[in-house]
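So the structure is just underneath, and the comments pick up after that.
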Amino acid sequence: MLLSLVVHTYSMRYWFPAAVMLGTAPAYLLSWSSWRLLSMVLPARLYHSVDDRVYSVYQSMILFFFENYTGVEVVIYGDIPKNKENVVYISNHQCTVDWIIADMLAVRQNALGHLRYVLKDGLKWLPLYGWYFSQHGGVYVKRSAKFDEKAMRNKLISQTKLGTPMYLVIFPEGTRYNPELQKVISASQAFACKEGLAVLKNILTPRMKATHIAVDSMKDHLDAIYDITVAYEGTLDSKGRRKSAPSMPEFLCKECPRVHIYFERIDMKEVPQEPVFFRRWLHDRFAVKDKLLTDFYESEEPERKNKFPGEGHVSPLSIKKTLPSLIFLAGLTLPMLLTESGRKLYINTWVYGTLVGWLWVNIRP
């Protein structure tokens with residue numbers, strides 16, 4: 001009985017925030033859809049401006065749970081610019097929480113609504129979210145031979161022509177680094193050897209195509225590249241070996257006490273444009289990340305372990321930036337659930353919103 005209670009209490013640490021985040025999605029989508037219909041007779045720039053503000057409301061609510069609720073300590077190394085910029089954000093990729101890390105940095109720059117993502121094609125099937133990410137400027141890409149370079153380039157160029165603020169998140173590794181998946185790591189290292197590139201140990205060999213297309217398509221629109229290296233504290237086992245990074249449920253269950261984020265801003269003037277030089281430049285950047293992570297996890301010097309070089313500062317997120325969004329979205333959702341007609345609308349939004357979204361993302365790039 002006691003064990004059952006403990007397990008139930010533990011699971012509630014995840015299920016409660018998950019229920020709120022997923023449960024408010026239909027109300028959010030209805031609000032956004034109303035604005036989308038209204039904006040069809042308005043300038044496109046006005047639509048994108050309001051869409052960014054609406055999106056920042058939902059993402060602020062997400063951050064309430066991933067930062068304020070979990071109490072995770074965010075340690076940042078480097079100085080985040082105070083002013084908003086048009087950037088491509090590149091990072092190592094270990095788990096689904098990596099997407100939230102981008103939110104954590106963007107909100108500290110007041111650029112949360114400008115977040116857009118390069119996502120693997122399979123994620124377009126996510127109910128409601130898959131379609132909306134595309135509407136918000138996200139790009140779905142397939143791997144290797146199926147990669148549609150023209151579609152990605154056209155979408156990014158169309159957004160730059162509108163002057164759309166850009167905080168484009170890309171994970172060049174293409175898949176997550178998991179120390180338990182040695183076949184993936186070995187294949188990545190074999191590819192590096194074949195291509196005459198440095199073999200990486202704590203990170204996968206980056207694939208340059210999507211990143212280069214993003215940089216090349218928006219070169220006159222971008223101010224910088226944000227090069228981010230992320231490490232999750234508490235991911236070493238009793239023998240000092242690296243474990244997999246926390247999943248979203250584990251993170252919400254407060255299993256990660258501290259996140260370390262190494263931030264570097266690279267001006268666009270320092271980024272080579274030619275593909276062959278860009279490829280080498282990107283791999284060199286990931287070699288730096290590999291060294292940072294190797295020292296973080298494996299350094300024999302206690303003062304260097306579980307730390308990045310330089311002075312890290314704890315960056316708490318004020319609840320004033322997140323709680324109002326939670327209250328607002330809850331206020332939109334609860335009235336729908338209290339009446340029979342509201343519940344029907346709520347369910348229909350999930351069902352038909354998902355179906356329409358699936359059709360839309362498979363018709364348009």
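Residues in the structure tokens are named by chain (A, B, ... in the order shown) and by number from 1 within that chain; ligands are numbered from 1 in the order shown.
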* Write out as a VMD selection string all residues of segment 222-336 of chain A that backbone DSSP assigns to alpha helix (DSSP H). => chain A and resid 248 to 252 275 to 298 323 to 336
Using only C-alpha atoms, find each residue in segment 157-254 of chain A having at least one atom no more than 9 Å away from segment 292-306 of chain A; report its shortest atom-to-atom pair and that distance in Å (one decimal), rows by chain then rising number, as CSV.
```
residue,atom,partner,partner_atom,distance
A:Lys201,CA,A:Thr294,CA,7.7
A:Asn202,CA,A:Thr294,CA,6.3
A:Ile203,CA,A:Leu293,CA,8.1
A:Thr229,CA,A:Leu292,CA,8.0
A:Val230,CA,A:Leu293,CA,8.3
A:Ala231,CA,A:Leu293,CA,7.2
A:Tyr232,CA,A:Asn306,CA,8.8
A:Glu233,CA,A:Asn306,CA,6.6
A:Gly234,CA,A:Asn306,CA,8.8
A:Thr235,CA,A:Tyr297,CA,8.7
A:Leu236,CA,A:Tyr297,CA,7.6
A:Gly240,CA,A:Glu298,CA,7.8
A:Arg241,CA,A:Tyr297,CA,8.2
A:Arg242,CA,A:Tyr297,CA,7.1
```
Please produce a file of the residues just selected, as a PDB file, in the first residue's frame, where the atoms kept are N, CA, C and O atoms.
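Writing done, so here's again37.pdb:
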```
ATOM      1  N   LYS A 201      33.782  11.707 -29.453  1.00  0.00           N
ATOM      2  CA  LYS A 201      33.509  10.693 -28.437  1.00  0.00           C
ATOM      3  C   LYS A 201      32.192  10.900 -27.711  1.00  0.00           C
ATOM      4  O   LYS A 201      31.421   9.957 -27.526  1.00  0.00           O
ATOM      5  N   ASN A 202      31.907  12.113 -27.275  1.00  0.00           N
ATOM      6  CA  ASN A 202      30.721  12.399 -26.467  1.00  0.00           C
ATOM      7  C   ASN A 202      29.645  13.145 -27.246  1.00  0.00           C
ATOM      8  O   ASN A 202      28.764  13.792 -26.659  1.00  0.00           O
ATOM      9  N   ILE A 203      29.730  13.034 -28.536  1.00  0.00           N
ATOM     10  CA  ILE A 203      28.806  13.746 -29.414  1.00  0.00           C
ATOM     11  C   ILE A 203      28.838  13.027 -30.758  1.00  0.00           C
ATOM     12  O   ILE A 203      29.799  12.311 -31.059  1.00  0.00           O
ATOM     13  N   THR A 229      26.196  24.401 -26.141  1.00  0.00           N
ATOM     14  CA  THR A 229      26.560  23.072 -25.649  1.00  0.00           C
ATOM     15  C   THR A 229      25.845  22.848 -24.319  1.00  0.00           C
ATOM     16  O   THR A 229      25.929  23.688 -23.418  1.00  0.00           O
ATOM     17  N   VAL A 230      25.128  21.735 -24.226  1.00  0.00           N
ATOM     18  CA  VAL A 230      24.285  21.468 -23.059  1.00  0.00           C
ATOM     19  C   VAL A 230      24.751  20.196 -22.361  1.00  0.00           C
ATOM     20  O   VAL A 230      25.050  19.179 -23.001  1.00  0.00           O
ATOM     21  N   ALA A 231      24.818  20.260 -21.034  1.00  0.00           N
ATOM     22  CA  ALA A 231      25.121  19.076 -20.216  1.00  0.00           C
ATOM     23  C   ALA A 231      24.136  19.025 -19.054  1.00  0.00           C
ATOM     24  O   ALA A 231      23.857  20.049 -18.422  1.00  0.00           O
ATOM     25  N   TYR A 232      23.612  17.830 -18.791  1.00  0.00           N
ATOM     26  CA  TYR A 232      22.650  17.624 -17.703  1.00  0.00           C
ATOM     27  C   TYR A 232      23.375  16.987 -16.526  1.00  0.00           C
ATOM     28  O   TYR A 232      23.944  15.897 -16.652  1.00  0.00           O
ATOM     29  N   GLU A 233      23.358  17.660 -15.401  1.00  0.00           N
ATOM     30  CA  GLU A 233      24.027  17.126 -14.221  1.00  0.00           C
ATOM     31  C   GLU A 233      23.226  15.937 -13.681  1.00  0.00           C
ATOM     32  O   GLU A 233      22.001  15.902 -13.779  1.00  0.00           O
ATOM     33  N   GLY A 234      23.924  14.973 -13.111  1.00  0.00           N
ATOM     34  CA  GLY A 234      23.251  13.795 -12.567  1.00  0.00           C
ATOM     35  C   GLY A 234      23.133  12.671 -13.566  1.00  0.00           C
ATOM     36  O   GLY A 234      22.330  11.751 -13.386  1.00  0.00           O
ATOM     37  N   THR A 235      23.931  12.730 -14.662  1.00  0.00           N
ATOM     38  CA  THR A 235      23.837  11.684 -15.682  1.00  0.00           C
ATOM     39  C   THR A 235      25.091  10.808 -15.717  1.00  0.00           C
ATOM     40  O   THR A 235      25.499  10.322 -16.761  1.00  0.00           O
ATOM     41  N   LEU A 236      25.709  10.621 -14.543  1.00  0.00           N
ATOM     42  CA  LEU A 236      26.802   9.658 -14.411  1.00  0.00           C
ATOM     43  C   LEU A 236      26.368   8.564 -13.438  1.00  0.00           C
ATOM     44  O   LEU A 236      25.724   8.851 -12.419  1.00  0.00           O
ATOM     45  N   GLY A 240      30.894   6.213 -12.595  1.00  0.00           N
ATOM     46  CA  GLY A 240      31.389   7.385 -13.315  1.00  0.00           C
ATOM     47  C   GLY A 240      31.172   7.335 -14.807  1.00  0.00           C
ATOM     48  O   GLY A 240      31.720   8.153 -15.553  1.00  0.00           O
ATOM     49  N   ARG A 241      30.371   6.372 -15.275  1.00  0.00           N
ATOM     50  CA  ARG A 241      30.092   6.268 -16.705  1.00  0.00           C
ATOM     51  C   ARG A 241      28.862   7.094 -17.062  1.00  0.00           C
ATOM     52  O   ARG A 241      27.918   7.178 -16.287  1.00  0.00           O
ATOM     53  N   ARG A 242      28.882   7.655 -18.243  1.00  0.00           N
ATOM     54  CA  ARG A 242      27.795   8.516 -18.670  1.00  0.00           C
ATOM     55  C   ARG A 242      26.527   7.722 -18.950  1.00  0.00           C
ATOM     56  O   ARG A 242      26.566   6.684 -19.618  1.00  0.00           O
TER      57      ARG A 242
END
```
* Asked: Contacts of segment 217-225 of chain A at 12 Å or less, counting only C-alpha atoms, minus same-chain residues fewer than 2 places along, as a VMD selection string?
  -> chain A and resid 81 83 to 91 149 to 170 209 to 215 227 to 228 263 to 273 282 285
* **Trp32 of chain A surroundings by only C-alpha atoms, 10 Å radius, close-in-sequence under 2 positions cut, as a PyMOL selection string** => chain A and resi 26-30+34-38+50-51+54-55+132
* Spatial neighbours of Val20 of chain A, 10 Å, only C-alpha atoms, chain gap at least 2 places, as number ranges by chain -> A: 15-18, 22-25, 61-62, 65, 326, 329-330, 333
Expected file contents, prior selection, all heavy atoms, as a compact mmCIF listing (two decimals), in the first residue's frame:
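Below you can see selection11.txt, which holds the result:
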```txt
# COMPACT_ATOMS: atom_id res chain seq x y z
N TRP A 15 2.48 13.52 -14.50
CA TRP A 15 1.17 13.53 -15.14
C TRP A 15 0.43 14.86 -14.97
O TRP A 15 -0.28 15.30 -15.88
CB TRP A 15 0.30 12.38 -14.60
CG TRP A 15 0.70 11.06 -15.18
CD1 TRP A 15 1.29 10.02 -14.54
CD2 TRP A 15 0.59 10.67 -16.55
NE1 TRP A 15 1.56 8.99 -15.41
CE2 TRP A 15 1.13 9.36 -16.65
CE3 TRP A 15 0.08 11.28 -17.70
CZ2 TRP A 15 1.17 8.66 -17.85
CZ3 TRP A 15 0.13 10.59 -18.90
CH2 TRP A 15 0.66 9.30 -18.96
N PHE A 16 0.59 15.51 -13.85
CA PHE A 16 -0.10 16.78 -13.66
C PHE A 16 0.35 17.84 -14.67
O PHE A 16 -0.47 18.40 -15.40
CB PHE A 16 0.10 17.29 -12.23
CG PHE A 16 -0.37 18.71 -12.03
CD1 PHE A 16 -1.72 19.05 -12.14
CD2 PHE A 16 0.55 19.72 -11.78
CE1 PHE A 16 -2.14 20.35 -11.99
CE2 PHE A 16 0.13 21.03 -11.62
CZ PHE A 16 -1.21 21.36 -11.72
N PRO A 17 1.66 18.15 -14.77
CA PRO A 17 2.06 19.13 -15.78
C PRO A 17 1.77 18.68 -17.20
O PRO A 17 1.40 19.50 -18.06
CB PRO A 17 3.56 19.31 -15.54
CG PRO A 17 3.99 18.15 -14.74
CD PRO A 17 2.80 17.73 -13.94
N ALA A 18 1.92 17.36 -17.47
CA ALA A 18 1.64 16.86 -18.82
C ALA A 18 0.17 17.07 -19.17
O ALA A 18 -0.16 17.48 -20.30
CB ALA A 18 2.00 15.38 -18.91
N LEU A 22 -0.88 19.47 -22.32
CA LEU A 22 -1.66 18.89 -23.42
C LEU A 22 -3.11 19.36 -23.38
O LEU A 22 -3.73 19.59 -24.42
CB LEU A 22 -1.60 17.37 -23.36
CG LEU A 22 -0.24 16.73 -23.64
CD1 LEU A 22 -0.29 15.23 -23.37
CD2 LEU A 22 0.18 16.98 -25.08
N GLY A 23 -3.64 19.49 -22.17
CA GLY A 23 -5.05 19.86 -22.02
C GLY A 23 -5.37 21.25 -22.49
O GLY A 23 -6.51 21.52 -22.92
N THR A 24 -4.41 22.17 -22.44
CA THR A 24 -4.67 23.54 -22.89
C THR A 24 -4.46 23.71 -24.39
O THR A 24 -4.78 24.76 -24.94
CB THR A 24 -3.76 24.54 -22.15
OG1 THR A 24 -2.39 24.12 -22.31
CG2 THR A 24 -4.09 24.61 -20.67
N ALA A 25 -3.95 22.68 -25.07
CA ALA A 25 -3.64 22.80 -26.50
C ALA A 25 -4.88 23.11 -27.35
O ALA A 25 -4.82 23.97 -28.24
CB ALA A 25 -2.96 21.52 -26.99
N MET A 61 4.04 29.13 -20.63
CA MET A 61 3.37 28.16 -19.77
C MET A 61 4.19 26.86 -19.68
O MET A 61 4.33 26.27 -18.60
CB MET A 61 1.97 27.86 -20.32
CG MET A 61 1.14 26.92 -19.45
SD MET A 61 1.22 25.21 -20.00
CE MET A 61 0.40 25.28 -21.57
N ILE A 62 4.78 26.45 -20.81
CA ILE A 62 5.65 25.27 -20.81
C ILE A 62 6.83 25.48 -19.85
O ILE A 62 7.19 24.60 -19.06
CB ILE A 62 6.19 25.01 -22.23
CG1 ILE A 62 5.04 24.69 -23.21
CG2 ILE A 62 7.24 23.90 -22.22
CD1 ILE A 62 4.38 23.37 -23.01
N PHE A 65 6.41 24.96 -16.05
CA PHE A 65 6.57 23.60 -15.53
C PHE A 65 8.03 23.13 -15.58
O PHE A 65 8.52 22.51 -14.63
CB PHE A 65 5.67 22.64 -16.30
CG PHE A 65 4.21 22.82 -15.99
CD1 PHE A 65 3.34 23.37 -16.90
CD2 PHE A 65 3.71 22.45 -14.74
CE1 PHE A 65 2.00 23.55 -16.60
CE2 PHE A 65 2.37 22.63 -14.42
CZ PHE A 65 1.51 23.18 -15.36
N LEU A 326 0.11 30.58 -17.71
CA LEU A 326 -0.59 29.40 -17.20
C LEU A 326 -2.01 29.77 -16.80
O LEU A 326 -2.98 29.06 -17.14
CB LEU A 326 0.17 28.82 -16.02
CG LEU A 326 -0.53 27.68 -15.26
CD1 LEU A 326 -0.72 26.48 -16.16
CD2 LEU A 326 0.28 27.30 -14.02
N LEU A 329 -4.19 30.54 -20.02
CA LEU A 329 -4.58 29.36 -20.80
C LEU A 329 -5.54 28.46 -20.02
O LEU A 329 -6.45 27.87 -20.60
CB LEU A 329 -3.33 28.58 -21.22
CG LEU A 329 -2.48 29.28 -22.30
CD1 LEU A 329 -1.14 28.59 -22.46
CD2 LEU A 329 -3.23 29.29 -23.63
N ALA A 330 -5.33 28.37 -18.72
CA ALA A 330 -6.28 27.61 -17.89
C ALA A 330 -7.65 28.28 -17.92
O ALA A 330 -8.69 27.61 -17.96
CB ALA A 330 -5.76 27.51 -16.47
N THR A 333 -9.37 27.27 -21.04
CA THR A 333 -9.69 25.84 -21.15
C THR A 333 -10.82 25.40 -20.22
O THR A 333 -11.72 24.65 -20.64
CB THR A 333 -8.42 25.01 -20.85
OG1 THR A 333 -7.39 25.39 -21.75
CG2 THR A 333 -8.70 23.52 -20.98
```
* From a DSSP calculation on the backbone, collect every residue of segment 98-315 of chain A in strand (DSSP E or B) and output the set as a ChimeraX atom specification. => /A:115-120,139-141,167-170,224-232,236,242,258-267,312-314
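Between Ile76 of chain A and the residues A:Leu105, A:Ile319, A:Ala187, A:Gly137, the shortest atom-to-atom distance, using only C-alpha atoms, involves A:Leu105.
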* Asked: Nearest to Tyr58 of chain A: which of A:Thr96, A:Thr339, A:Thr70, A:Thr322 is it, counting only C-alpha atoms?
  -> A:Thr322
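Once Leu63 of chain A and its same-chain neighbours fewer than 6 positions away are set aside, Tyr69, Thr70, Ile100, Ile101, Asp103, Met104, Val107, Leu317, Ile319, Lys321, Thr322, Leu323, Ser325 and Leu326 of chain A remain within 10 Å of it when counting only C-alpha atoms.
With atom CA of Ser186 of chain A on one side and atom CA of Ser244 of chain A on the other, the separation reads 16.3 Å.
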